[in-house]
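Q: Handing over query-v4.txt, compact mmCIF, C-alpha atoms.
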```
# COMPACT_ATOMS: atom_id res chain seq x y z
CA GLU Y 186 38.39 -14.26 -27.80
CA LEU Y 187 38.06 -12.73 -24.34
CA THR Y 188 37.89 -16.09 -22.60
CA GLY Y 189 40.62 -17.73 -24.63
CA SER Y 190 38.29 -20.48 -25.82
CA ASP Y 191 38.47 -22.02 -29.24
CA VAL Y 192 35.74 -20.64 -31.55
CA GLU Y 193 34.56 -24.19 -32.43
CA GLN Y 194 33.79 -24.87 -28.75
CA VAL Y 195 31.36 -21.96 -28.46
CA THR Y 196 27.68 -22.78 -28.97
CA VAL Y 197 24.59 -20.64 -28.84
CA ASP Y 198 21.19 -21.95 -27.78
CA THR Y 199 18.05 -19.89 -28.07
CA VAL Y 200 14.63 -20.48 -26.65
CA GLY Y 201 11.72 -19.44 -28.81
CA ALA Y 202 8.16 -18.49 -28.05
CA SER Y 203 6.85 -21.95 -29.00
CA TRP Y 204 9.03 -23.56 -26.29
CA GLY Y 205 7.71 -21.10 -23.70
CA GLN Y 206 4.16 -21.83 -24.81
CA GLN Y 207 4.74 -25.59 -24.49
CA ILE Y 208 6.16 -25.16 -21.00
CA SER Y 209 3.21 -22.96 -20.01
CA GLN Y 210 0.71 -25.52 -21.28
CA LYS Y 211 2.46 -28.33 -19.43
CA ALA Y 212 2.59 -26.24 -16.25
CA GLU Y 213 -1.15 -25.52 -16.49
CA THR Y 214 -1.90 -29.22 -17.02
CA ALA Y 215 0.32 -30.19 -14.09
CA LEU Y 216 -1.39 -27.60 -11.88
CA VAL Y 217 -4.87 -28.90 -12.75
CA VAL Y 218 -3.78 -32.50 -12.10
CA PHE Y 219 -2.17 -31.41 -8.82
CA LEU Y 220 -5.36 -29.67 -7.65
CA ILE Y 221 -7.46 -32.72 -8.55
CA VAL Y 222 -5.10 -35.03 -6.64
CA VAL Y 223 -5.22 -32.69 -3.62
CA LEU Y 224 -9.01 -32.61 -3.84
CA LEU Y 225 -9.19 -36.41 -3.92
CA TYR Y 226 -6.65 -36.95 -1.14
CA ILE Y 227 -8.25 -34.52 1.29
CA THR Y 228 -11.70 -35.88 0.46
CA LEU Y 229 -10.51 -39.39 1.30
CA ARG Y 230 -8.56 -38.30 4.40
CA PHE Y 231 -11.09 -35.84 5.79
CA GLU Y 232 -14.18 -34.80 3.81
CA PHE Y 233 -15.16 -33.09 0.57
CA ARG Y 234 -15.92 -29.72 2.20
CA MET Y 235 -12.39 -29.56 3.59
CA ALA Y 236 -11.00 -30.44 0.17
CA VAL Y 237 -12.96 -27.63 -1.48
CA ALA Y 238 -11.82 -25.13 1.16
CA THR Y 239 -8.19 -26.23 0.75
CA VAL Y 240 -8.28 -25.90 -3.03
CA ALA Y 241 -9.92 -22.47 -2.69
CA ALA Y 242 -7.07 -21.39 -0.40
CA LEU Y 243 -4.51 -22.75 -2.89
CA VAL Y 244 -6.14 -20.87 -5.76
CA HIS Y 245 -6.07 -17.74 -3.60
CA ASP Y 246 -2.36 -18.18 -2.96
CA LEU Y 247 -1.63 -18.70 -6.65
CA LEU Y 248 -3.65 -15.64 -7.63
CA ILE Y 249 -1.88 -13.46 -5.07
CA VAL Y 250 1.59 -14.48 -6.25
CA ILE Y 251 0.65 -14.24 -9.93
CA GLY Y 252 -1.06 -10.91 -9.27
CA VAL Y 253 2.04 -9.43 -7.65
CA TYR Y 254 4.18 -10.70 -10.51
CA ALA Y 255 1.74 -9.19 -13.03
CA LEU Y 256 1.40 -5.89 -11.16
CA PHE Y 257 5.14 -5.42 -10.88
CA PRO Y 258 6.67 -6.94 -14.00
CA PHE Y 259 8.99 -9.39 -12.27
CA PRO Y 260 10.48 -12.07 -14.51
CA VAL Y 261 9.03 -15.56 -14.19
CA THR Y 262 11.88 -18.04 -14.23
CA PRO Y 263 12.32 -21.70 -13.30
CA ALA Y 264 13.24 -20.51 -9.79
CA THR Y 265 9.88 -18.74 -9.58
CA VAL Y 266 8.05 -21.91 -10.64
CA ILE Y 267 9.93 -23.92 -8.01
CA ALA Y 268 9.01 -21.33 -5.37
CA ILE Y 269 5.34 -21.49 -6.39
CA LEU Y 270 5.35 -25.28 -6.02
CA THR Y 271 6.95 -24.87 -2.59
CA ILE Y 272 4.25 -22.36 -1.66
CA LEU Y 273 1.50 -24.81 -2.60
CA GLY Y 274 3.01 -27.49 -0.37
CA TYR Y 275 3.41 -25.03 2.49
CA SER Y 276 -0.16 -23.78 2.16
CA ILE Y 277 -1.57 -27.31 2.07
CA TYR Y 278 0.39 -28.23 5.19
CA ASP Y 279 -0.80 -25.19 7.11
CA THR Y 280 -4.42 -25.82 6.11
CA ILE Y 281 -4.22 -29.54 6.94
CA VAL Y 282 -2.98 -28.72 10.45
CA VAL Y 283 -6.08 -26.62 11.03
CA PHE Y 284 -8.44 -29.15 9.44
CA ASP Y 285 -6.96 -32.01 11.43
CA ARG Y 286 -7.83 -30.10 14.61
CA VAL Y 287 -11.32 -29.38 13.24
CA ASP Y 288 -11.73 -33.09 12.52
CA GLU Y 289 -10.66 -34.00 16.07
CA ASN Y 290 -12.94 -31.40 17.64
CA THR Y 291 -15.99 -32.29 15.52
CA ARG Y 292 -16.00 -35.74 17.05
CA LEU Y 293 -16.96 -33.99 20.28
CA ILE Y 294 -20.04 -32.25 18.77
CA GLY Y 295 -23.21 -33.64 20.25
CA ARG Y 296 -21.51 -35.11 23.30
CA LYS Y 297 -22.83 -33.00 26.15
CA THR Y 298 -22.47 -29.79 24.16
CA ARG Y 299 -24.59 -27.57 21.97
CA ARG Y 300 -21.84 -26.07 19.87
CA THR Y 301 -22.27 -25.60 16.15
CA TYR Y 302 -19.81 -26.63 13.48
CA THR Y 303 -18.83 -22.98 13.08
CA ASP Y 304 -18.04 -22.80 16.81
CA VAL Y 305 -15.87 -25.91 16.52
CA ALA Y 306 -14.05 -24.55 13.45
CA ASN Y 307 -13.42 -21.27 15.28
CA GLN Y 308 -12.18 -23.05 18.39
CA SER Y 309 -9.92 -25.28 16.27
CA MET Y 310 -8.46 -22.27 14.50
CA ASN Y 311 -7.79 -20.61 17.83
CA GLN Y 312 -6.05 -23.74 19.10
CA VAL Y 313 -3.57 -23.84 16.21
CA LEU Y 314 -3.29 -20.11 15.50
CA MET Y 315 -0.06 -19.56 17.44
CA ARG Y 316 1.49 -22.62 15.81
CA SER Y 317 0.62 -21.29 12.35
CA LEU Y 318 1.92 -17.83 13.12
CA ASN Y 319 5.14 -19.11 14.72
CA THR Y 320 5.78 -21.44 11.79
CA SER Y 321 5.20 -18.61 9.32
CA ILE Y 322 7.41 -16.15 11.18
CA THR Y 323 10.27 -18.62 11.50
CA THR Y 324 9.89 -19.46 7.80
CA LEU Y 325 9.87 -15.81 6.77
CA MET Y 326 13.08 -15.00 8.65
CA PRO Y 327 15.44 -17.06 6.45
CA ILE Y 328 13.48 -16.10 3.33
CA THR Y 329 13.99 -12.44 4.23
CA ALA Y 330 17.68 -13.13 4.78
CA VAL Y 331 17.88 -14.74 1.34
CA LEU Y 332 16.14 -11.73 -0.19
CA VAL Y 333 18.17 -9.07 1.57
CA ILE Y 334 21.61 -10.63 1.79
CA GLY Y 335 21.59 -13.01 -1.14
CA SER Y 336 19.86 -10.96 -3.75
CA PHE Y 337 20.31 -7.32 -2.85
CA LEU Y 338 23.73 -7.32 -1.15
CA LEU Y 339 25.38 -10.14 -3.12
CA GLY Y 340 23.46 -9.57 -6.37
CA ALA Y 341 22.31 -13.18 -6.90
CA THR Y 342 19.25 -12.67 -9.10
CA THR Y 343 18.17 -16.31 -8.87
CA LEU Y 344 17.88 -15.92 -5.10
CA GLN Y 345 15.82 -12.79 -5.60
CA GLU Y 346 13.40 -14.56 -7.97
CA PHE Y 347 13.11 -17.55 -5.65
CA GLY Y 348 12.96 -15.57 -2.41
CA LEU Y 349 10.42 -13.03 -3.62
CA ALA Y 350 7.91 -15.65 -4.73
CA LEU Y 351 8.45 -17.59 -1.48
CA PHE Y 352 8.04 -14.48 0.67
CA ILE Y 353 4.77 -13.47 -1.00
CA GLY Y 354 3.53 -17.06 -1.01
CA VAL Y 355 4.23 -17.77 2.66
CA LEU Y 356 2.43 -14.59 3.68
CA SER Y 357 -0.46 -15.45 1.40
CA GLY Y 358 -0.53 -19.10 2.53
CA THR Y 359 -0.67 -18.13 6.18
CA TYR Y 360 -3.43 -15.63 5.50
CA SER Y 361 -5.44 -18.08 3.40
CA SER Y 362 -5.33 -20.94 5.90
CA ILE Y 363 -6.56 -18.64 8.67
CA PHE Y 364 -8.93 -16.27 6.88
CA ILE Y 365 -10.08 -18.21 3.81
CA ALA Y 366 -9.90 -21.99 4.26
CA THR Y 367 -11.34 -22.28 7.77
CA PRO Y 368 -14.16 -19.72 7.36
CA LEU Y 369 -15.06 -21.27 3.98
CA LEU Y 370 -15.16 -24.70 5.62
CA ALA Y 371 -17.50 -23.37 8.31
CA LEU Y 372 -19.67 -21.76 5.63
CA LEU Y 373 -19.86 -24.97 3.62
```
Let's see the structure in the file written out as structure tokens.
A:
Amino acid sequence: ELTGSDVEQVTVDTVGASWGQQISQKAETALVVFLIVVLLYITLRFEFRMAVATVAALVHDLLIVIGVYALFPFPVTPATVIAILTILGYSIYDTIVVFDRVDENTRLIGRKTRRTYTDVANQSMNQVLMRSLNTSITTLMPITAVLVIGSFLLGATTLQEFGLALFIGVLSGTYSSIFIATPLLALL
């Protein structure tokens, strides 16, 4: 009545718990398949140790975002799922940049040097550290703008859901590629 629409044109759709459970199961299956594909690709492109370290960093990133969402009961929406997928891609990219440098520098081991693999991994991380930090900072600036302006000032809740997951994920992805993936690679 308020909108002036004909009553026959109004429909109501509800989503039940079984639909949410189906979506959750499919998301879990897709995540497992995704991690296996990442493991295979990085193993073929680089080596198995790098693939294990990358997947460990991805699991870390997922746990951090899920943990924040569990600690503070934020709603998980399709925008959140999209942001999590974006985070995984971002984290893989950041880790691959480091591992590509490790791969280049390991070719120099044994040629007139007595450096260990750990030394090479550390040197490689130092060589790309500023690039990783600069990329993360320039990524966080528009995400922060989306969070502050889009969600809090303009009240767009979808932007808040998307921006919050992205913000947490980019921070976590940067941390994991520097402090988890590379040290784990050196340890392996």
Q: In file coordinates, which residues lie within 8 Å of (4.8, -13.7, -3.4) using only C-alpha atoms, given as a count of residues only?
A: 14
Q: Would you mind listing, for every residue of stretch 229-312 of chain Y within 10 Å of stretch 368-373 of chain Y, the two atoms forming the shortest contact and the distance between them in Å to one decimal, using only C-alpha atoms, sorted by chain and ascending residue number, as a Markdown table?
A:
```
| residue | atom | partner | partner_atom | distance |
| --- | --- | --- | --- | --- |
| Y:Phe233 | CA | Y:Leu370 | CA | 9.8 |
| Y:Arg234 | CA | Y:Leu370 | CA | 6.1 |
| Y:Met235 | CA | Y:Leu370 | CA | 6.0 |
| Y:Ala236 | CA | Y:Leu370 | CA | 8.9 |
| Y:Val237 | CA | Y:Leu370 | CA | 8.0 |
| Y:Ala238 | CA | Y:Leu370 | CA | 5.6 |
| Y:Thr239 | CA | Y:Leu370 | CA | 8.6 |
| Y:Ala241 | CA | Y:Leu369 | CA | 8.5 |
| Y:Ala242 | CA | Y:Leu369 | CA | 9.1 |
| Y:Phe284 | CA | Y:Leu370 | CA | 8.9 |
| Y:Val287 | CA | Y:Leu370 | CA | 9.7 |
| Y:Thr301 | CA | Y:Ala371 | CA | 9.4 |
| Y:Tyr302 | CA | Y:Ala371 | CA | 6.5 |
| Y:Thr303 | CA | Y:Ala371 | CA | 5.0 |
| Y:Asp304 | CA | Y:Ala371 | CA | 8.5 |
| Y:Val305 | CA | Y:Ala371 | CA | 8.7 |
| Y:Ala306 | CA | Y:Ala371 | CA | 6.3 |
| Y:Asn307 | CA | Y:Pro368 | CA | 8.1 |
| Y:Met310 | CA | Y:Pro368 | CA | 9.5 |
```
Q: Rank nothing, just name the residue among Y:Leu187, Y:Leu344, Y:Met326, Y:Ile363 nearest to Y:Ala264, using all atoms listed in the file.
A: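 Nearest to Y:Ala264: Y:Leu344.
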Q: Just how far from atom CA of Y:Ser362 is atom CA of Y:Thr280, in Å to one decimal?
A: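 Calculated distance between atom CA of Y:Thr280 and atom CA of Y:Ser362 is 5.0 Å.
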Q: Quick one: distance from atom CA of Y:Lys211 to atom CA of Y:Pro258 in Å, one decimal?
A: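 Atom CA of Y:Pro258 lies 22.5 Å from atom CA of Y:Lys211.
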Q: Can you work out the spacing between atom CA of Y:Ile227 and atom CA of Y:Ile281 in Å, to one decimal?
A: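 Atom CA of Y:Ile281 lies at a distance of 8.5 Å from atom CA of Y:Ile227.
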Q: Between Y:Ile334, Y:Val313, Y:Ile267, Y:Ile208, single out the one closest to Y:Thr359, counting all atoms listed in the file.
A: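 Closest residue, counting all atoms listed in the file: Y:Val313.
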Q: Neighbouring residues of Y:Val266 were defined as those with any atom within 10 Å, considering only C-alpha atoms; residues of the same chain fewer than 4 positions away were excluded. Please report them as a ChimeraX atom specification.
A: /Y:212,261-262,270-272,346-347,350
